[in-house]
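> final-v1.csv is reproduced below (CSV, C-alpha atoms and all ligand atoms).
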```csv
chain,number,residue,atom,x,y,z
A,30,MET,CA,-42.8,8.5,7.4
A,31,PRO,CA,-42.3,7.5,11.1
A,32,ASN,CA,-45.4,6.2,12.7
A,33,ARG,CA,-46.1,9.0,15.2
A,34,GLU,CA,-49.5,7.7,16.0
A,35,LYS,CA,-48.2,4.5,17.4
A,36,ALA,CA,-48.6,4.5,21.2
A,37,THR,CA,-45.8,3.3,23.4
A,38,PRO,CA,-46.5,0.1,25.4
A,39,ILE,CA,-47.2,2.0,28.6
A,40,ASP,CA,-49.8,4.2,26.9
A,41,GLU,CA,-51.5,1.1,25.5
A,42,ALA,CA,-51.6,-0.4,29.0
A,43,ILE,CA,-53.1,2.8,30.5
A,44,LEU,CA,-55.6,3.0,27.6
A,45,ASP,CA,-56.6,-0.6,28.1
A,46,ARG,CA,-57.2,0.0,31.8
A,47,LEU,CA,-59.3,3.1,31.0
A,48,ASN,CA,-61.4,1.2,28.5
A,49,ARG,CA,-61.9,-1.6,30.9
A,50,GLY,CA,-63.1,1.0,33.4
A,51,ILE,CA,-65.7,2.3,30.9
A,52,LEU,CA,-66.9,-1.3,30.3
A,53,LEU,CA,-67.1,-1.8,34.0
A,54,ARG,CA,-69.4,1.2,34.3
A,55,THR,CA,-71.8,-0.2,31.7
A,56,GLY,CA,-72.2,-3.3,33.8
A,57,ALA,CA,-70.9,-5.4,30.9
A,58,TYR,CA,-67.7,-6.2,32.6
A,59,ARG,CA,-67.9,-7.9,36.0
A,60,THR,CA,-64.8,-8.5,38.1
A,61,ASP,CA,-66.4,-10.0,41.3
A,62,ASP,CA,-68.5,-12.7,40.0
A,63,HIS,CA,-68.2,-16.5,40.1
A,64,VAL,CA,-69.1,-18.0,36.7
A,65,VAL,CA,-68.7,-21.3,35.0
A,66,LEU,CA,-67.6,-20.9,31.4
A,67,ARG,CA,-68.6,-23.2,28.6
A,68,SER,CA,-65.2,-24.8,28.9
A,69,GLY,CA,-66.1,-25.9,32.4
A,70,ARG,CA,-63.5,-23.6,33.9
A,71,HIS,CA,-64.4,-21.1,36.6
A,72,THR,CA,-63.7,-17.4,36.6
A,73,SER,CA,-64.4,-14.2,38.6
A,74,GLU,CA,-64.2,-11.9,35.6
A,75,TYR,CA,-66.7,-11.9,33.0
A,76,VAL,CA,-67.8,-9.8,30.0
A,77,ALA,CA,-71.5,-10.0,29.5
A,78,LYS,CA,-71.7,-9.8,25.7
A,79,THR,CA,-75.4,-9.0,25.8
A,80,LEU,CA,-74.8,-5.9,27.9
A,81,VAL,CA,-71.9,-4.4,25.8
A,82,THR,CA,-74.2,-2.8,23.2
A,83,THR,CA,-77.0,-1.6,25.5
A,84,GLU,CA,-75.9,2.0,25.5
A,85,PRO,CA,-76.0,3.3,21.9
A,86,THR,CA,-73.7,6.3,22.4
A,87,PHE,CA,-71.2,4.0,24.0
A,88,THR,CA,-71.5,1.5,21.2
A,89,GLU,CA,-70.9,4.4,18.8
A,90,GLY,CA,-67.8,5.5,20.7
A,91,LEU,CA,-66.4,2.0,20.5
A,92,GLY,CA,-67.2,1.9,16.8
A,93,ASP,CA,-65.3,5.2,16.4
A,94,ILE,CA,-62.2,3.8,18.1
A,95,ILE,CA,-62.1,0.8,15.8
A,96,ALA,CA,-62.9,2.8,12.7
A,97,LYS,CA,-60.2,5.3,13.6
A,98,HIS,CA,-57.6,2.5,14.0
A,99,PHE,CA,-58.4,1.3,10.5
A,100,SER,CA,-59.0,4.7,8.9
A,101,ARG,CA,-55.7,4.6,6.9
A,102,PHE,CA,-56.8,1.4,5.3
A,103,PRO,CA,-59.3,1.4,2.4
A,104,VAL,CA,-62.3,-0.7,3.3
A,105,ASP,CA,-65.2,-1.6,1.0
A,106,LEU,CA,-67.1,-3.9,3.3
A,107,VAL,CA,-67.5,-4.3,7.1
A,108,LEU,CA,-68.4,-8.0,7.8
A,109,THR,CA,-69.9,-9.2,11.0
A,110,THR,CA,-72.0,-12.0,12.4
A,111,GLY,CA,-74.2,-12.1,15.5
A,112,TYR,CA,-76.6,-9.5,16.8
A,113,SER,CA,-74.4,-7.3,19.1
A,114,ALA,CA,-71.4,-7.6,16.7
A,115,GLY,CA,-73.8,-6.3,14.0
A,116,LEU,CA,-74.7,-3.2,16.1
A,117,LEU,CA,-71.0,-2.5,16.6
A,118,GLY,CA,-70.2,-3.3,12.9
A,119,HIS,CA,-72.8,-0.7,11.8
A,120,CYS,CA,-71.1,1.9,14.0
A,121,VAL,CA,-67.7,1.0,12.6
A,122,ALA,CA,-68.9,1.2,9.0
A,123,ARG,CA,-70.6,4.6,9.7
A,124,ALA,CA,-67.5,6.1,11.3
A,125,HIS,CA,-65.0,4.8,8.7
A,126,PRO,CA,-63.9,7.4,6.2
A,127,GLY,CA,-64.0,4.9,3.3
A,128,ARG,CA,-67.8,4.7,3.7
A,129,PRO,CA,-67.8,0.9,3.5
A,130,ARG,CA,-71.0,-1.1,3.2
A,131,PHE,CA,-72.1,-3.0,6.2
A,132,ILE,CA,-72.9,-6.7,5.7
A,133,PHE,CA,-73.4,-9.7,8.0
A,134,ALA,CA,-73.0,-13.4,7.8
A,135,THR,CA,-75.7,-15.6,9.4
A,136,LYS,CA,-74.7,-18.2,12.0
A,137,GLU,CA,-76.1,-21.7,11.8
A,138,ARG,CA,-75.7,-24.6,14.1
A,139,SER,CA,-74.0,-27.6,12.5
A,140,GLY,CA,-73.5,-30.6,14.6
A,141,VAL,CA,-73.7,-30.5,18.4
A,142,ALA,CA,-71.6,-27.5,19.4
A,143,ARG,CA,-70.4,-26.0,16.1
A,144,THR,CA,-71.7,-23.0,14.4
A,145,GLU,CA,-71.0,-22.2,10.8
A,146,VAL,CA,-71.3,-18.8,9.1
A,147,SER,CA,-72.8,-18.3,5.7
A,148,LEU,CA,-73.3,-15.2,3.5
A,149,PRO,CA,-76.7,-14.2,2.4
A,150,PRO,CA,-76.6,-14.5,-1.5
A,151,GLU,CA,-77.7,-10.9,-1.9
A,152,TYR,CA,-74.3,-9.8,-0.6
A,153,ARG,CA,-72.2,-11.8,-3.1
A,154,ALA,CA,-72.2,-9.0,-5.7
A,155,PHE,CA,-70.6,-6.6,-3.3
A,156,PHE,CA,-67.4,-8.6,-3.3
A,157,ALA,CA,-67.1,-8.1,-7.1
A,158,GLU,CA,-67.4,-4.3,-6.7
A,159,GLY,CA,-64.5,-4.2,-4.2
A,160,GLY,CA,-63.7,-6.8,-1.7
A,161,ARG,CA,-61.5,-5.1,0.9
A,162,VAL,CA,-63.0,-6.4,4.1
A,163,LEU,CA,-62.8,-5.3,7.7
A,164,ILE,CA,-64.1,-8.0,10.0
A,165,VAL,CA,-65.8,-6.7,13.2
A,166,GLU,CA,-66.6,-8.8,16.3
A,167,ASP,CA,-67.6,-7.9,19.8
A,168,ILE,CA,-65.9,-10.3,22.2
A,169,LEU,CA,-63.1,-12.7,21.1
A,170,THR,CA,-62.9,-15.8,23.2
A,171,THR,CA,-61.3,-18.4,21.0
A,172,GLY,CA,-61.3,-16.6,17.7
A,173,GLU,CA,-63.2,-19.4,16.0
A,174,THR,CA,-65.9,-17.2,14.5
A,175,VAL,CA,-63.3,-14.8,13.2
A,176,GLY,CA,-61.5,-17.7,11.5
A,177,GLN,CA,-64.8,-18.6,9.8
A,178,LEU,CA,-65.4,-15.0,8.7
A,179,ILE,CA,-61.9,-14.8,7.3
A,180,ARG,CA,-62.4,-18.1,5.3
A,181,LEU,CA,-65.8,-16.8,4.1
A,182,ALA,CA,-64.3,-13.4,2.9
A,183,GLU,CA,-61.5,-15.2,1.2
A,184,SER,CA,-63.8,-17.7,-0.5
A,185,MET,CA,-65.7,-14.8,-2.0
A,186,GLY,CA,-62.4,-13.4,-3.4
A,187,GLY,CA,-62.3,-10.7,-0.7
A,188,GLN,CA,-59.1,-9.2,0.7
A,189,VAL,CA,-59.1,-9.0,4.5
A,190,VAL,CA,-57.8,-5.7,5.7
A,191,GLY,CA,-58.0,-6.5,9.4
A,192,ILE,CA,-60.1,-7.6,12.4
A,193,GLY,CA,-61.5,-5.1,14.9
A,194,ALA,CA,-63.2,-6.1,18.1
A,195,ILE,CA,-64.0,-4.7,21.6
A,196,TRP,CA,-62.4,-7.3,23.7
A,197,ARG,CA,-59.7,-10.0,23.3
A,198,ARG,CA,-59.8,-12.5,26.2
A,199,SER,CA,-56.4,-13.9,25.4
A,200,SER,CA,-53.4,-11.8,24.5
A,201,GLY,CA,-52.0,-14.8,22.7
A,202,MET,CA,-54.7,-14.8,20.1
A,203,LYS,CA,-53.3,-14.2,16.6
A,204,PHE,CA,-54.6,-14.2,13.0
A,205,LYS,CA,-52.8,-13.8,9.7
A,206,TYR,CA,-54.3,-10.3,9.4
A,207,PRO,CA,-53.9,-7.3,11.7
A,208,LEU,CA,-56.0,-7.6,14.8
A,209,PHE,CA,-57.0,-4.5,16.9
A,210,THR,CA,-59.0,-4.8,20.1
A,211,VAL,CA,-60.1,-2.0,22.3
A,212,VAL,CA,-59.3,-4.1,25.3
A,213,THR,CA,-56.8,-7.1,25.5
A,214,HIS,CA,-57.1,-8.8,28.8
A,215,ASP,CA,-56.2,-12.3,29.9
A,216,VAL,CA,-59.1,-13.4,32.1
A,217,PRO,CA,-57.8,-15.7,34.8
A,218,THR,CA,-59.7,-19.0,34.8
A,219,PHE,CA,-59.5,-22.0,37.1
A,220,ALA,CA,-60.2,-25.8,36.9
A,221,PRO,CA,-63.2,-26.4,39.3
A,222,GLU,CA,-61.1,-28.3,41.8
A,223,GLU,CA,-58.6,-25.5,42.0
A,224,CYS,CA,-61.1,-22.6,42.0
A,225,PRO,CA,-60.3,-20.2,44.9
A,226,LEU,CA,-63.9,-18.9,44.8
A,227,CYS,CA,-65.3,-22.4,45.3
A,228,ARG,CA,-62.9,-22.8,48.2
A,229,GLN,CA,-64.3,-19.7,49.8
A,230,GLY,CA,-67.8,-21.1,49.4
A,231,ILE,CA,-68.9,-18.3,47.1
A,232,PRO,CA,-72.1,-19.5,45.2
A,233,ILE,CA,-71.8,-19.9,41.4
A,234,ASN,CA,-73.8,-17.3,39.5
A,235,ARG,CA,-75.9,-19.5,37.2
A,236,THR,CA,-77.7,-16.6,35.5
A,237,ILE,CA,-74.7,-16.0,33.1
A,238,GLY,CA,-72.0,-18.0,31.5
A,239,SER,CA,-72.7,-21.6,30.5
A,240,GLY,CA,-75.7,-21.8,32.7
A,241,GLY,CA,-77.2,-18.6,31.3
A,242,SER,CA,-77.3,-16.7,28.1
A,243,ASP,CA,-75.2,-17.3,25.0
A,244,ASP,CA,-72.5,-15.0,26.3
A,245,GLU,CA,-69.7,-17.5,26.2
A,246,SER,CA,-70.4,-18.5,22.7
A,247,ASP,CA,-67.3,-18.4,21.0
A,248,GLU,CA,-66.3,-15.6,18.8
A,301,ZN,ZN,-65.5,-21.9,41.3
```
Would you put the structure from the file into structure tokens?

Amino acid sequence: MPNREKATPIDEAILDRLNRGILLRTGAYRTDDHVVLRSGRHTSEYVAKTLVTTEPTFTEGLGDIIAKHFSRFPVDLVLTTGYSAGLLGHCVARAHPGRPRFIFATKERSGVARTEVSLPPEYRAFFAEGGRVLIVEDILTTGETVGQLIRLAESMGGQVVGIGAIWRRSSGMKFKYPLFTVVTHDVPTFAPEECPLCRQGIPINRTIGSGGSDDESDE
């Protein structure tokens, strides 16, 4: 059967812009800031991860979009890690017609900058009941956390159905399983010496980014 639901590229671009507009209204997406990312690079655009899930009806709406995208796939488990991804994952699990369970991995620091994910032992039995896993994340920066969740699901004998997230900061990001993000947007970043905002003398906002909360932690 032809895939009538598949949007044309132009539709996707318009939808992407609309979704970014919605995120802009929540205050989670800033386009006129001056922030230092953990990588040391500067940017004017920023997604404040901690603000993405502050409006519950909006979080539910985003969960619906992701659940709808994966509604044709049977899913037994929605797997997340991190607090805001957990809120979103709950909404995805609730909206998915397969009525999957919602589970989360815990993040632990290992070494200086690395975090590792691990599964609470209580969840292991769920993989034996049916291990079709949908991984849900909020903001994808490097994809490192998703990579860890994929390895975790596979190590439990799970079968990854796909990955759903709100925002992909780099359109080049790929996984070996289908990835769906509500927004895909390449955020322009600059080396400090080439930063146009620094040249204009715009002060750096230290309250977010690497100088602030854990927003830039890499998912
Ligand atoms: Zn700068």
> Just want the 9 Å neighbourhood of Phe131 of chain A, counted on all atoms listed in the file, with same-chain residues fewer than 6 positions away dropped. Output as a PyMOL selection string.
chain A and resi 105-109+115+118-119+121-123
> Can I get the residues close to ligand ZN 301 (chain A) as a compact mmCIF listing (two decimals) with C-alpha atoms, in the frame of the given file, where close means within 8 Å and we count all atoms listed in the file?

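Generated output (selection.txt):
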```txt
# COMPACT_ATOMS: atom_id res chain seq x y z
CA HIS A 63 -68.20 -16.50 40.10
CA VAL A 64 -69.10 -18.00 36.70
CA VAL A 65 -68.70 -21.30 35.00
CA ARG A 70 -63.50 -23.60 33.90
CA HIS A 71 -64.40 -21.10 36.60
CA THR A 72 -63.70 -17.40 36.60
CA PHE A 219 -59.50 -22.00 37.10
CA ALA A 220 -60.20 -25.80 36.90
CA PRO A 221 -63.20 -26.40 39.30
CA GLU A 222 -61.10 -28.30 41.80
CA GLU A 223 -58.60 -25.50 42.00
CA CYS A 224 -61.10 -22.60 42.00
CA PRO A 225 -60.30 -20.20 44.90
CA LEU A 226 -63.90 -18.90 44.80
CA CYS A 227 -65.30 -22.40 45.30
CA ARG A 228 -62.90 -22.80 48.20
CA ILE A 231 -68.90 -18.30 47.10
CA ILE A 233 -71.80 -19.90 41.40
```
> Please, what distance in Å, to one decimal, runs between atom CA of Thr213 of chain A and atom CA of Gly187 of chain A?
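Computing it gives 27.0 Å between the two atoms.
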> I want to know what sits within 12 Å of Arg138 of chain A, based on only C-alpha atoms, with residues of the same chain fewer than 5 positions away left out; could you give that as a list of chain:residue names?
A:Arg143, A:Thr144, A:Glu145, A:Val146, A:Ser147, A:Ser246
> Could you tell me how far atom CA of Phe99 of chain A lies from atom CA of Arg46 of chain A, in Å and to one decimal?
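That distance, rounded to one decimal, is 21.4 Å.
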> With only C-alpha atoms as the basis for distance, which of A:Thr88, A:Gln188, A:Asn48, A:Ser199 is at the shortest distance from Cys120 of chain A?
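Result for the nearest residue to Cys120 of chain A: A:Thr88.
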> I'd like the interatomic distance between atom CA of Glu137 of chain A and atom CA of Gly201 of chain A, to a tenth of an Å.
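Pair atom CA of Glu137 of chain A / atom CA of Gly201 of chain A returns 27.3 Å.
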> Please, which residues are within 9 Å of (-65.3, 0.5, -4.0) by the file's coordinates, counting all atoms listed in the file, and could they come as a PyMOL selection string?
chain A and resi 103-106+127+129+155+158-161
> Which is closest to Ala154 of chain A among A:Gly193, A:Gly140, A:Gly186, A:Pro207, if we use all atoms listed in the file?
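Of the candidates, the smallest distance to Ala154 of chain A is held by A:Gly186.
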> Taking all atoms listed in the file into account, which of A:Ile95, A:Thr83, A:Ala57, A:Arg101 comes nearest Val211 of chain A?
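Closest to Val211 of chain A of all the choices is A:Ile95.
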> Counting only C-alpha atoms, figure out which residue out of A:Thr55, A:Ser200, A:Ser68, A:Thr210 gets nearest to Leu80 of chain A.
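The shortest atom-to-atom distance to Leu80 of chain A comes from A:Thr55.
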> Which one of A:Arg128, A:Arg180, A:Arg235, A:Arg49 sits closest to Leu91 of chain A if you count all atoms listed in the file?
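Once distances to Leu91 of chain A are computed over all atoms listed in the file, the minimum belongs to A:Arg49.
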> For a quick check of understanding, using only C-alpha atoms, which of A:Ala96, A:Ile164, A:Ile237, A:Ala42 has the smallest distance to Ile132 of chain A?
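Closest to Ile132 of chain A, using only C-alpha atoms: A:Ile164.
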